[in-house]
file input.txt (compact mmCIF, C-alpha atoms)
# COMPACT_ATOMS: atom_id res chain seq x y z
CA MET A 1 0.00 0.00 0.00
CA LYS A 2 2.73 2.37 0.99
CA LYS A 3 4.72 1.56 -2.13
CA LEU A 4 1.72 2.01 -4.35
CA SER A 5 0.81 5.37 -2.92
CA THR A 6 4.43 6.53 -3.17
CA VAL A 7 4.56 5.56 -6.81
CA LEU A 8 1.21 7.19 -7.51
CA ALA A 9 2.31 10.32 -5.73
CA MET A 10 5.48 10.48 -7.80
CA ILE A 11 3.61 9.92 -11.04
CA ALA A 12 1.02 12.53 -10.17
CA PHE A 13 3.70 15.00 -9.14
CA LEU A 14 5.79 14.46 -12.25
CA PHE A 15 2.72 14.67 -14.44
CA SER A 16 1.58 17.92 -12.93
CA THR A 17 4.99 19.55 -13.13
CA THR A 18 6.18 18.31 -16.49
CA VAL A 19 3.18 17.70 -18.71
CA PHE A 20 0.82 20.36 -17.49
CA PRO A 21 2.95 23.43 -18.23
CA VAL A 22 3.14 22.39 -21.87
CA LEU A 23 -0.62 22.23 -22.09
CA ALA A 24 -1.49 25.43 -20.32
CA ALA A 25 0.38 28.44 -19.09
CA ASN A 26 -0.57 30.42 -16.03
CA GLN A 27 -0.17 33.76 -17.67
CA PRO A 28 0.01 35.22 -21.16
CA PRO A 29 3.39 35.35 -22.90
CA GLN A 30 5.21 38.50 -21.84
CA LYS A 31 7.72 40.89 -23.36
CA GLY A 32 11.23 39.43 -23.35
CA GLU A 33 10.00 35.85 -23.48
CA GLY A 34 9.77 33.44 -26.38
CA LEU A 35 6.45 32.24 -27.71
CA PRO A 36 4.91 29.07 -26.31
CA ALA A 37 4.94 26.08 -28.65
CA ILE A 38 2.41 27.03 -31.31
CA ASN A 39 1.98 24.86 -34.37
CA LEU A 40 -0.11 26.31 -37.16
CA PRO A 41 -1.06 24.63 -40.41
CA VAL A 42 0.70 26.02 -43.48
CA PRO A 43 -2.11 27.89 -45.27
CA LYS A 44 -3.52 26.22 -48.38
CA ASN A 45 -4.29 29.56 -49.99
CA PRO A 46 -1.30 30.42 -52.25
CA ASP A 47 -1.62 34.17 -51.56
CA GLU A 48 -1.41 33.60 -47.82
CA LYS A 49 1.46 31.18 -48.26
CA ASN A 50 3.25 33.71 -50.39
CA TYR A 51 2.56 36.49 -47.87
CA LEU A 52 4.18 34.43 -45.11
CA GLY A 53 7.07 33.36 -47.34
CA LEU A 54 6.30 29.67 -46.93
CA SER A 55 6.28 26.69 -49.23
CA GLY A 56 5.05 23.14 -49.01
CA SER A 57 2.50 21.96 -46.48
CA GLY A 58 2.33 20.64 -42.94
CA THR A 59 2.77 22.78 -39.87
CA LEU A 60 4.68 25.94 -39.23
CA LYS A 61 6.08 27.71 -36.22
CA ILE A 62 5.64 31.46 -36.09
CA SER A 63 9.42 31.91 -36.09
CA GLN A 64 9.51 30.25 -39.54
CA ILE A 65 7.52 33.07 -41.10
CA LYS A 66 9.79 34.99 -43.46
CA ALA A 67 9.87 38.35 -41.73
CA LYS A 68 11.79 40.37 -39.19
CA VAL A 69 8.70 41.00 -37.12
CA VAL A 70 5.44 39.07 -36.82
CA ILE A 71 2.41 40.66 -35.19
CA VAL A 72 0.21 37.95 -33.70
CA GLU A 73 -3.35 38.82 -32.74
CA ILE A 74 -5.23 36.37 -30.55
CA PHE A 75 -8.85 37.16 -31.37
CA SER A 76 -12.29 35.57 -31.45
CA MET A 77 -15.16 36.08 -33.84
CA TYR A 78 -17.30 36.14 -30.70
CA CYS A 79 -15.40 39.03 -29.12
CA PRO A 80 -16.95 42.51 -29.46
CA TYR A 81 -13.62 44.36 -29.09
CA CYS A 82 -12.01 42.18 -31.76
CA GLN A 83 -14.92 43.01 -34.03
CA LYS A 84 -14.63 46.71 -33.30
CA ASP A 85 -10.84 46.73 -33.84
CA ALA A 86 -10.93 44.63 -37.02
CA PRO A 87 -11.04 47.56 -39.48
CA GLY A 88 -8.15 49.22 -37.62
CA VAL A 89 -6.02 46.09 -37.79
CA ASN A 90 -6.79 45.81 -41.52
CA GLU A 91 -5.58 49.39 -41.84
CA LEU A 92 -2.32 48.42 -40.11
CA TYR A 93 -1.86 45.71 -42.75
CA ARG A 94 -2.37 48.25 -45.53
CA LEU A 95 0.04 50.75 -43.96
CA ILE A 96 2.70 48.05 -43.89
CA GLU A 97 2.01 46.69 -47.37
CA ASN A 98 2.02 50.17 -48.91
CA ASN A 99 5.37 51.07 -47.40
CA PRO A 100 8.23 49.51 -49.45
CA ASP A 101 10.68 49.96 -46.54
CA ILE A 102 8.79 47.62 -44.24
CA LYS A 103 6.54 45.62 -46.57
CA ASN A 104 8.57 42.44 -46.43
CA LYS A 105 9.76 42.90 -42.88
CA ILE A 106 6.50 42.92 -40.90
CA LYS A 107 3.75 40.33 -41.21
CA ILE A 108 0.45 39.96 -39.37
CA ILE A 109 -1.46 36.81 -38.45
CA GLY A 110 -4.57 36.20 -36.38
CA ILE A 111 -5.40 33.18 -34.23
CA GLY A 112 -9.09 32.62 -33.46
CA ALA A 113 -9.31 31.38 -29.87
CA GLY A 114 -12.01 28.73 -29.65
CA ASN A 115 -13.08 29.43 -33.23
CA SER A 116 -13.68 26.70 -35.78
CA SER A 117 -12.53 27.17 -39.40
CA TYR A 118 -16.11 28.09 -40.25
CA GLU A 119 -16.21 30.74 -37.53
CA VAL A 120 -12.86 32.20 -38.55
CA GLU A 121 -14.19 32.42 -42.12
CA VAL A 122 -17.24 34.35 -40.91
CA PHE A 123 -14.91 36.84 -39.23
CA ARG A 124 -12.69 37.10 -42.30
CA LYS A 125 -15.67 37.64 -44.60
CA THR A 126 -17.39 40.15 -42.33
CA TYR A 127 -14.36 42.41 -42.05
CA ASN A 128 -12.52 41.51 -45.28
CA VAL A 129 -9.47 40.57 -43.27
CA PRO A 130 -6.52 40.60 -45.71
CA PHE A 131 -3.99 38.68 -43.60
CA PRO A 132 -3.97 34.96 -42.65
CA LEU A 133 -6.28 33.84 -39.85
CA PHE A 134 -5.93 30.48 -38.16
CA PRO A 135 -8.59 28.57 -36.18
CA ASP A 136 -7.88 27.33 -32.65
CA LYS A 137 -11.08 25.38 -32.21
CA ASP A 138 -10.11 23.48 -29.08
CA PHE A 139 -8.46 26.46 -27.37
CA THR A 140 -5.10 24.64 -27.52
CA ILE A 141 -3.13 27.74 -28.46
CA HIS A 142 -5.27 29.92 -26.24
CA LYS A 143 -4.43 27.69 -23.27
CA ALA A 144 -0.73 27.74 -24.15
CA CYS A 145 -1.03 31.53 -24.10
CA GLY A 146 -2.34 31.59 -20.54
CA GLU A 147 -6.01 31.92 -21.58
CA VAL A 148 -5.45 35.55 -22.29
CA ARG A 149 -8.41 37.85 -22.85
CA THR A 150 -8.94 39.07 -26.39
CA PRO A 151 -7.78 40.78 -28.44
CA TYR A 152 -4.19 40.14 -27.34
CA PHE A 153 -1.40 41.40 -29.56
CA MET A 154 2.11 39.98 -29.45
CA VAL A 155 4.88 41.61 -31.45
CA VAL A 156 7.49 38.96 -32.13
CA LYS A 157 10.98 39.78 -33.35
CA ILE A 158 12.58 37.08 -35.49
CA ASN A 159 16.38 37.16 -35.33
CA GLU A 160 18.82 36.29 -38.11
CA ASP A 161 19.80 33.07 -36.35
CA GLY A 162 16.18 31.86 -36.25
CA THR A 163 15.65 32.64 -32.58
CA HIS A 164 12.86 34.97 -31.58
CA GLN A 165 11.52 36.98 -28.70
CA ILE A 166 8.39 38.92 -27.85
CA VAL A 167 9.20 42.64 -27.85
CA HIS A 168 5.74 43.97 -27.04
CA THR A 169 2.37 42.68 -25.84
CA GLN A 170 -0.93 44.43 -25.56
CA LEU A 171 -4.33 43.46 -24.21
CA GLY A 172 -7.16 45.27 -25.95
CA GLU A 173 -6.92 49.04 -26.25
CA TYR A 174 -5.88 49.03 -29.88
CA PRO A 175 -4.66 52.58 -30.41
CA GLY A 176 -5.29 52.79 -34.15
CA ALA A 177 -3.12 51.69 -37.05
CA GLU A 178 -0.60 54.52 -37.18
CA SER A 179 0.13 54.60 -33.46
CA PHE A 180 0.38 50.85 -33.31
CA LEU A 181 2.76 50.70 -36.28
CA GLU A 182 4.95 53.33 -34.64
CA LEU A 183 4.99 51.23 -31.49
CA VAL A 184 5.88 48.07 -33.44
CA LEU A 185 8.74 49.82 -35.26
CA LYS A 186 10.19 51.14 -32.03
CA ALA A 187 9.80 47.99 -29.98
CA SER A 188 11.36 45.82 -32.67
CA GLY A 189 14.22 48.19 -33.45
CA LEU A 190 13.22 48.51 -37.11
CA LYS A 191 13.27 52.24 -36.57
CA MET B 1 3.19 5.16 8.96
CA GLU B 2 -0.42 6.35 8.69
CA LYS B 3 0.80 9.90 8.60
CA LYS B 4 3.10 9.12 5.68
CA ARG B 5 0.29 7.57 3.73
CA LEU B 6 -1.85 10.61 4.39
CA THR B 7 0.96 12.84 3.12
CA HIS B 8 1.13 10.82 -0.05
CA ILE B 9 -2.59 11.03 -0.61
CA ILE B 10 -2.53 14.77 -0.08
CA LEU B 11 0.33 15.03 -2.53
CA ILE B 12 -1.60 13.00 -5.12
CA ILE B 13 -4.76 15.03 -4.73
CA GLY B 14 -2.81 18.27 -4.72
CA SER B 15 -0.92 17.42 -7.88
CA LEU B 16 -4.00 16.18 -9.67
CA SER B 17 -6.01 19.22 -8.71
CA VAL B 18 -3.49 21.42 -10.50
CA PHE B 19 -3.80 19.23 -13.53
CA LEU B 20 -7.55 19.00 -13.46
CA SER B 21 -8.36 22.57 -12.56
CA VAL B 22 -10.93 23.50 -15.13
CA SER B 23 -10.30 26.77 -16.74
CA MET B 24 -12.99 28.85 -18.32
CA ALA B 25 -11.87 29.67 -21.78
CA PHE B 26 -15.05 31.44 -22.83
CA ALA B 27 -16.14 35.07 -22.51
CA ILE B 28 -12.56 35.93 -23.06
CA SER B 29 -13.27 39.25 -24.70
CA ASP B 30 -11.61 42.13 -22.92
CA VAL B 31 -14.85 44.06 -23.39
CA TYR B 32 -16.30 42.51 -20.23
CA LYS B 33 -13.14 43.01 -18.16
CA GLY B 34 -13.89 41.92 -14.59
CA ASN B 35 -17.65 41.81 -15.01
CA ILE B 36 -18.12 38.17 -15.83
CA TYR B 37 -19.22 36.01 -12.94
CA GLN B 38 -17.31 32.73 -13.07
CA VAL B 39 -19.76 29.91 -12.59
CA GLY B 40 -17.25 27.07 -12.86
CA THR B 41 -18.12 23.90 -14.67
CA LEU B 42 -21.81 22.99 -14.46
CA LYS B 43 -23.79 19.83 -15.07
CA PRO B 44 -23.90 19.76 -18.89
CA ILE B 45 -27.68 19.34 -19.17
CA ASP B 46 -30.13 19.63 -16.28
CA SER B 47 -33.62 19.45 -17.72
CA LYS B 48 -35.80 17.21 -19.85
CA LEU B 49 -37.04 18.34 -23.25
CA LYS B 50 -40.82 18.60 -23.59
CA VAL B 51 -40.81 19.01 -27.37
CA LYS B 52 -39.20 17.10 -30.20
CA VAL B 53 -38.34 17.67 -33.84
CA GLY B 54 -41.56 17.57 -35.87
CA ASP B 55 -43.71 19.00 -33.06
CA PRO B 56 -45.49 22.34 -33.44
CA ALA B 57 -43.44 24.96 -31.56
CA PRO B 58 -45.28 26.05 -28.39
CA PRO B 59 -46.47 29.63 -28.89
CA PHE B 60 -45.27 32.46 -26.63
CA THR B 61 -45.23 36.21 -26.28
CA LEU B 62 -42.36 37.85 -24.42
CA PRO B 63 -41.17 41.42 -23.81
CA ALA B 64 -38.06 42.54 -25.71
CA ILE B 65 -35.40 45.00 -24.53
CA SER B 66 -36.69 47.42 -27.17
CA GLY B 67 -39.97 47.69 -25.27
CA GLU B 68 -42.08 45.79 -27.78
CA LYS B 69 -43.66 42.41 -27.26
CA ILE B 70 -42.65 39.64 -29.58
CA SER B 71 -44.81 36.64 -30.36
CA LEU B 72 -43.58 33.53 -32.09
CA GLY B 73 -46.80 33.55 -34.10
CA GLN B 74 -45.97 36.82 -35.86
CA TYR B 75 -43.38 35.03 -37.99
CA ARG B 76 -45.73 32.25 -39.06
CA GLY B 77 -45.77 31.97 -42.84
CA LYS B 78 -43.11 34.70 -43.14
CA LYS B 79 -39.80 33.73 -41.56
CA ASN B 80 -37.97 30.77 -40.16
CA VAL B 81 -37.16 31.36 -36.51
CA VAL B 82 -34.08 30.45 -34.48
CA LEU B 83 -34.57 30.54 -30.72
CA SER B 84 -31.32 30.92 -28.83
CA PHE B 85 -31.84 30.28 -25.13
CA VAL B 86 -28.77 31.15 -23.09
CA PRO B 87 -28.54 30.51 -19.36
CA ALA B 88 -27.83 33.90 -17.86
CA ALA B 89 -26.48 37.37 -18.40
CA TRP B 90 -22.93 38.12 -17.21
CA THR B 91 -21.80 34.50 -17.32
CA PRO B 92 -18.89 33.11 -19.32
CA VAL B 93 -20.12 31.26 -22.39
CA CYS B 94 -23.31 33.24 -22.90
CA SER B 95 -21.46 36.53 -23.01
CA ASP B 96 -19.74 35.59 -26.22
CA GLN B 97 -22.37 33.55 -28.01
CA TRP B 98 -24.60 36.41 -29.17
CA PRO B 99 -21.77 38.76 -30.25
CA GLY B 100 -20.80 36.00 -32.69
CA TYR B 101 -24.35 35.79 -34.03
CA ASN B 102 -24.25 39.54 -34.30
CA ILE B 103 -21.74 39.35 -37.17
CA ALA B 104 -23.46 36.35 -38.75
CA LYS B 105 -26.62 38.17 -39.86
CA ASP B 106 -25.87 37.19 -43.47
CA ILE B 107 -26.18 33.53 -42.58
CA PHE B 108 -29.61 34.05 -41.01
CA ASN B 109 -30.71 36.21 -43.96
CA GLN B 110 -29.51 33.61 -46.40
CA TYR B 111 -31.98 31.13 -44.92
CA ASP B 112 -34.75 33.67 -44.43
CA ALA B 113 -34.50 33.26 -40.67
CA VAL B 114 -34.86 35.59 -37.73
CA LEU B 115 -33.02 35.06 -34.47
CA LEU B 116 -34.65 35.54 -31.08
CA GLY B 117 -32.32 35.59 -28.08
CA ILE B 118 -33.96 34.54 -24.82
CA THR B 119 -32.82 34.38 -21.20
CA VAL B 120 -34.68 34.27 -17.88
CA ASP B 121 -33.09 37.57 -16.78
CA ASN B 122 -35.15 40.71 -16.38
CA ILE B 123 -35.13 43.51 -18.95
CA PRO B 124 -32.82 46.00 -17.15
CA THR B 125 -30.17 43.29 -16.67
CA LEU B 126 -30.45 42.22 -20.30
CA PHE B 127 -30.22 45.84 -21.38
CA ALA B 128 -26.98 46.48 -19.44
CA TRP B 129 -25.44 43.18 -20.47
CA THR B 130 -26.20 43.31 -24.18
CA ASN B 131 -25.02 46.93 -24.35
CA GLN B 132 -21.50 45.52 -23.93
CA MET B 133 -21.95 43.51 -27.10
CA GLY B 134 -22.44 46.45 -29.44
CA GLN B 135 -25.66 47.03 -31.35
CA LEU B 136 -27.44 43.69 -31.72
CA TRP B 137 -29.52 43.23 -34.87
CA PHE B 138 -31.87 40.65 -33.33
CA PRO B 139 -34.46 40.98 -30.55
CA VAL B 140 -33.49 39.91 -27.04
CA LEU B 141 -36.43 38.61 -25.03
CA SER B 142 -36.91 38.31 -21.31
CA ASP B 143 -38.47 35.11 -19.98
CA PHE B 144 -38.28 36.53 -16.47
CA TRP B 145 -41.90 36.44 -15.35
CA PRO B 146 -43.63 34.10 -14.78
CA HIS B 147 -40.09 32.93 -14.21
CA GLY B 148 -38.74 30.84 -17.09
CA ALA B 149 -42.24 29.95 -18.28
CA VAL B 150 -41.27 29.65 -21.93
CA ALA B 151 -38.08 27.75 -21.15
CA LYS B 152 -40.17 25.42 -19.00
CA ARG B 153 -42.73 24.91 -21.77
CA TYR B 154 -39.96 23.82 -24.13
CA GLY B 155 -38.32 21.73 -21.42
CA VAL B 156 -35.08 23.67 -21.12
CA LEU B 157 -35.46 25.19 -17.65
CA ARG B 158 -32.76 23.87 -15.35
CA SER B 159 -33.34 23.00 -11.72
CA GLY B 160 -31.51 26.15 -10.60
CA GLY B 161 -33.93 28.44 -12.45
CA VAL B 162 -31.78 29.32 -15.48
CA SER B 163 -32.32 27.92 -18.95
CA GLU B 164 -30.15 25.54 -20.89
CA ARG B 165 -27.93 26.73 -23.70
CA ALA B 166 -30.36 25.60 -26.36
CA LEU B 167 -31.09 26.27 -30.00
CA PHE B 168 -34.41 25.58 -31.69
CA VAL B 169 -35.00 26.04 -35.40
CA ILE B 170 -38.66 26.55 -36.26
CA ASP B 171 -39.81 26.65 -39.87
CA LYS B 172 -42.37 28.97 -41.43
CA LYS B 173 -45.14 26.51 -40.68
CA GLY B 174 -44.31 26.70 -37.00
CA THR B 175 -42.81 23.22 -36.86
CA ILE B 176 -39.66 22.50 -34.85
CA ARG B 177 -37.01 21.30 -37.29
CA TYR B 178 -33.85 21.23 -35.16
CA ILE B 179 -33.03 21.10 -31.46
CA ASP B 180 -29.61 21.43 -29.87
CA VAL B 181 -29.66 21.40 -26.10
CA HIS B 182 -25.97 22.00 -25.82
CA ASP B 183 -23.54 21.27 -23.01
CA ILE B 184 -24.07 24.44 -20.95
CA ASN B 185 -20.30 24.82 -20.52
CA LYS B 186 -19.59 25.01 -24.24
CA ARG B 187 -20.51 27.22 -27.14
CA PRO B 188 -22.39 25.53 -29.99
CA PRO B 189 -20.28 25.75 -33.16
CA LEU B 190 -21.88 28.10 -35.65
CA GLU B 191 -21.51 25.62 -38.50
CA ASP B 192 -23.93 23.19 -36.81
CA LEU B 193 -26.65 25.83 -36.75
CA ALA B 194 -25.87 26.84 -40.34
CA ALA B 195 -26.18 23.21 -41.40
CA ALA B 196 -29.57 22.96 -39.65
CA LEU B 197 -30.77 26.08 -41.48
CA GLU B 198 -29.47 24.67 -44.77
CA LYS B 199 -31.69 21.62 -44.23
CA LEU B 200 -34.80 23.83 -44.14
CA LYS B 201 -34.43 24.33 -47.85
CA LYS B 202 -35.05 20.66 -48.53
call {"tool": "encode", "arguments": {"input": "input.txt", "output": "structure tokens"}}
result
Amino acid sequence: MKKLSTVLAMIAFLFSTTVFPVLAANQPPQKGEGLPAINLPVPKNPDEKNYLGLSGSGTLKISQIKAKVVIVEIFSMYCPYCQKDAPGVNELYRLIENNPDIKNKIKIIGIGAGNSSYEVEVFRKTYNVPFPLFPDKDFTIHKACGEVRTPYFMVVKINEDGTHQIVHTQLGEYPGAESFLELVLKASGLK
Amino acid sequence: MEKKRLTHIILIIGSLSVFLSVSMAFAISDVYKGNIYQVGTLKPIDSKLKVKVGDPAPPFTLPAISGEKISLGQYRGKKNVVLSFVPAAWTPVCSDQWPGYNIAKDIFNQYDAVLLGITVDNIPTLFAWTNQMGQLWFPVLSDFWPHGAVAKRYGVLRSGGVSERALFVIDKKGTIRYIDVHDINKRPPLEDLAAALEKLKK
């Protein structure tokens, strides 16, 4: 009995300390940290694939996106603030794409927390979102990101050697495209 | 010896509780900030349906936030009707179900359907709560008094006095064509409802 309970205790303890943190984080990723393990499917749409500088199929890590900076928005089609901010985030995309100095350096993606592909498509269609959106139907990514409230923006700097770190995070309070771009340029050192 | 065993058991329970702690991943929009009351995980379904697919939908008239009274009968012969019962204002899953429907008006239009949102909360509560969602295009009805009478008639009133998270699709003839009494802890995927509306065409 004693042996059994000792073994069980050890298993339970190891499980809770080693497996659990991979599944769910206690708090959202912060500035200075790396991203949690996020695997996204390589988009099937050739325009999106091209935008992210990817080829082939399978899964991708955000640090594999061909850019110096990736802006990740954790959103939900069910979130009123995300809906309200959507046109402003589209505007950010246009500001970047229309500026030859930064066009190929900064990319934007959205991850729909708890949204199915169908739901992400409704959001894309409603707001004509021009950048790639990924579903996170089972909240897997959302859990890995500490179940953060939405919208949550993470500005990720991708280094030459393939490493990356988060240089800015922001919960809600989207300040508008121009201010946000300014903030991204400063935080990432592109300016 | 006994003490050691007890320590082990505590350690097991403690470790497992960290692992099992259920987190509420819904109502994650920052719009609600600290105003969502965390209900924890509830019994998925806690009532017994009193209607089934193929039955005539029980008629009702309820007050809407707008001040008007809405009757199910007014859509007869004109529109398909989706009833969306949600358990309660200011609770996790409910707070983000309707904002999603709010940007899916095209889908309802496509199938010539209206959406009626219903809870057992009173009108002032529903007013304050839905104001956080932006301007809703569909009527929100209060089944507050006699408390939960409509929910009860359909068989979706839970023992605690709130309704289930339930969707009913009623065709233009007033016949129930689809019922989803969903796990109260989860949001029904929009594609399931869209598929049910698609079937009305056949």
call {"tool": "closest_residue", "arguments": {"input": "input.txt", "among": "A:Lys49, A:Lys137, A:Lys44, A:His164", "to": "chain B", "atoms": "all atoms listed in the file"}}
result
A:Lys137
call {"tool": "residues_around", "arguments": {"input": "input.txt", "residues": "segment 118-130 of chain A", "least_positions_apart": "3", "cutoff": "9 Å", "atoms": "all atoms listed in the file", "output": "list in words"}}
result
Glu48, Ser76, Met77, Tyr78, Gln83, Ala86, Pro87, Val89, Asn90, Tyr93, Arg94, Ile111, Gly112, Asn115, Leu133, Phe134 and Pro135 of chain A; Gly100, Ile103, Ala104, Pro189, Leu190 and Glu191 of chain B
call {"tool": "write_last_selection", "arguments": {"input": "input.txt", "atoms": "C-alpha atoms", "output": "tab-separated table (two decimals), in the coordinates of the input"}}
result
chain	number	residue	atom	x	y	z
A	48	GLU	CA	-1.41	33.60	-47.82
A	76	SER	CA	-12.29	35.57	-31.45
A	77	MET	CA	-15.16	36.08	-33.84
A	78	TYR	CA	-17.30	36.14	-30.70
A	83	GLN	CA	-14.92	43.01	-34.03
A	86	ALA	CA	-10.93	44.63	-37.02
A	87	PRO	CA	-11.04	47.56	-39.48
A	89	VAL	CA	-6.02	46.09	-37.79
A	90	ASN	CA	-6.79	45.81	-41.52
A	93	TYR	CA	-1.86	45.71	-42.75
A	94	ARG	CA	-2.37	48.25	-45.53
A	111	ILE	CA	-5.40	33.18	-34.23
A	112	GLY	CA	-9.09	32.62	-33.46
A	115	ASN	CA	-13.08	29.43	-33.23
A	133	LEU	CA	-6.28	33.84	-39.85
A	134	PHE	CA	-5.93	30.48	-38.16
A	135	PRO	CA	-8.59	28.57	-36.18
B	100	GLY	CA	-20.80	36.00	-32.69
B	103	ILE	CA	-21.74	39.35	-37.17
B	104	ALA	CA	-23.46	36.35	-38.75
B	189	PRO	CA	-20.28	25.75	-33.16
B	190	LEU	CA	-21.88	28.10	-35.65
B	191	GLU	CA	-21.51	25.62	-38.50
call {"tool": "closest_residue", "arguments": {"input": "input.txt", "among": "B:Ile176, B:Ala57, B:Met133, B:Ala166", "to": "Phe85 of chain B", "atoms": "all atoms listed in the file"}}
result
B:Ala166
call {"tool": "atom_distance", "arguments": {"input": "input.txt", "atom1": "atom CA of Ser142 of chain B", "atom2": "atom CA of Leu42 of chain B"}}
result
22.6 Å
call {"tool": "atom_distance", "arguments": {"input": "input.txt", "atom1": "atom CA of Thr61 of chain B", "atom2": "atom CA of Asn185 of chain B"}}
result
28.0 Å
call {"tool": "atom_distance", "arguments": {"input": "input.txt", "atom1": "atom CA of Gln30 of chain A", "atom2": "atom CA of Val167 of chain A"}}
result
8.3 Å
call {"tool": "closest_residue", "arguments": {"input": "input.txt", "among": "B:Leu200, B:Ala149, B:Ala195, B:Val114", "to": "chain A", "atoms": "all atoms listed in the file"}}
result
B:Ala195
call {"tool": "residues_around", "arguments": {"input": "input.txt", "residues": "segment 59-73 of chain A", "least_positions_apart": "2", "cutoff": "6 Å", "atoms": "only C-alpha atoms", "output": "list in words"}}
result
Asn39, Leu40, Pro41, Val42, Leu52, Gly53, Phe75, Lys105, Ile106, Lys107, Ile108, Ile109, Gly110, Tyr152, Phe153, Met154, Val155, Val156, Lys157 and Ile158 of chain A
call {"tool": "closest_residue", "arguments": {"input": "input.txt", "among": "A:Ile102, A:Ile74, A:Val184, A:Ile96", "to": "chain B", "atoms": "all atoms listed in the file"}}
result
A:Ile74
call {"tool": "axis_aligned_box", "arguments": {"input": "input.txt", "around": "segment 100-114 of chain B", "padding_each_side": "6 Å", "output": "lines of an AutoDock Vina configuration file"}}
result
center_x = -27.8
center_y = 35.3
center_z = -39.5
size_x = 26.1
size_y = 20.4
size_z = 25.7
call {"tool": "closest_residue", "arguments": {"input": "input.txt", "among": "A:Leu183, A:Cys82, A:Leu95, A:Ile166", "to": "Pro28 of chain A", "atoms": "only C-alpha atoms"}}
result
A:Ile166
call {"tool": "closest_residue", "arguments": {"input": "input.txt", "among": "B:Leu157, B:Leu193, B:Leu83, B:Ala88", "to": "chain A", "atoms": "all atoms listed in the file"}}
result
B:Leu193
call {"tool": "build_atoms", "arguments": {"input": "input.txt", "residues": "segment 156-170 of chain A", "atoms": "N, CA and C atoms", "output": "mmCIF file, keeping the file's coordinate frame"}}
result
data_model
loop_
_atom_site.group_PDB
_atom_site.id
_atom_site.type_symbol
_atom_site.label_atom_id
_atom_site.label_comp_id
_atom_site.auth_asym_id
_atom_site.auth_seq_id
_atom_site.Cartn_x
_atom_site.Cartn_y
_atom_site.Cartn_z
ATOM 1 N N VAL A 156 6.410 39.937 -32.263
ATOM 2 C CA VAL A 156 7.490 38.960 -32.130
ATOM 3 C C VAL A 156 8.628 39.326 -33.086
ATOM 4 N N LYS A 157 9.819 39.470 -32.521
ATOM 5 C CA LYS A 157 10.980 39.780 -33.350
ATOM 6 C C LYS A 157 11.673 38.474 -33.722
ATOM 7 N N ILE A 158 11.894 38.281 -35.025
ATOM 8 C CA ILE A 158 12.580 37.080 -35.490
ATOM 9 C C ILE A 158 14.029 37.469 -35.790
ATOM 10 N N ASN A 159 14.962 36.815 -35.140
ATOM 11 C CA ASN A 159 16.380 37.160 -35.330
ATOM 12 C C ASN A 159 16.981 36.404 -36.518
ATOM 13 N N GLU A 160 18.130 36.904 -36.959
ATOM 14 C CA GLU A 160 18.820 36.290 -38.110
ATOM 15 C C GLU A 160 19.095 34.800 -37.886
ATOM 16 N N ASP A 161 19.431 34.462 -36.643
ATOM 17 C CA ASP A 161 19.800 33.070 -36.350
ATOM 18 C C ASP A 161 18.577 32.166 -36.122
ATOM 19 N N GLY A 162 17.379 32.699 -36.380
ATOM 20 C CA GLY A 162 16.180 31.860 -36.250
ATOM 21 C C GLY A 162 15.551 31.906 -34.873
ATOM 22 N N THR A 163 16.261 32.490 -33.908
ATOM 23 C CA THR A 163 15.650 32.640 -32.580
ATOM 24 C C THR A 163 14.642 33.791 -32.630
ATOM 25 N N HIS A 164 13.849 33.898 -31.591
ATOM 26 C CA HIS A 164 12.860 34.970 -31.580
ATOM 27 C C HIS A 164 12.586 35.416 -30.165
ATOM 28 N N GLN A 165 12.078 36.621 -30.003
ATOM 29 C CA GLN A 165 11.520 36.980 -28.700
ATOM 30 C C GLN A 165 10.384 37.993 -28.863
ATOM 31 N N ILE A 166 9.514 37.987 -27.848
ATOM 32 C CA ILE A 166 8.390 38.920 -27.850
ATOM 33 C C ILE A 166 8.918 40.277 -27.400
ATOM 34 N N VAL A 167 8.678 41.309 -28.222
ATOM 35 C CA VAL A 167 9.200 42.640 -27.850
ATOM 36 C C VAL A 167 8.087 43.567 -27.361
ATOM 37 N N HIS A 168 6.854 43.145 -27.543
ATOM 38 C CA HIS A 168 5.740 43.970 -27.040
ATOM 39 C C HIS A 168 4.477 43.113 -26.958
ATOM 40 N N THR A 169 3.680 43.331 -25.910
ATOM 41 C CA THR A 169 2.370 42.680 -25.840
ATOM 42 C C THR A 169 1.338 43.728 -25.462
ATOM 43 N N GLN A 170 0.120 43.453 -25.820
ATOM 44 C CA GLN A 170 -0.930 44.430 -25.560
ATOM 45 C C GLN A 170 -2.275 43.741 -25.466
#
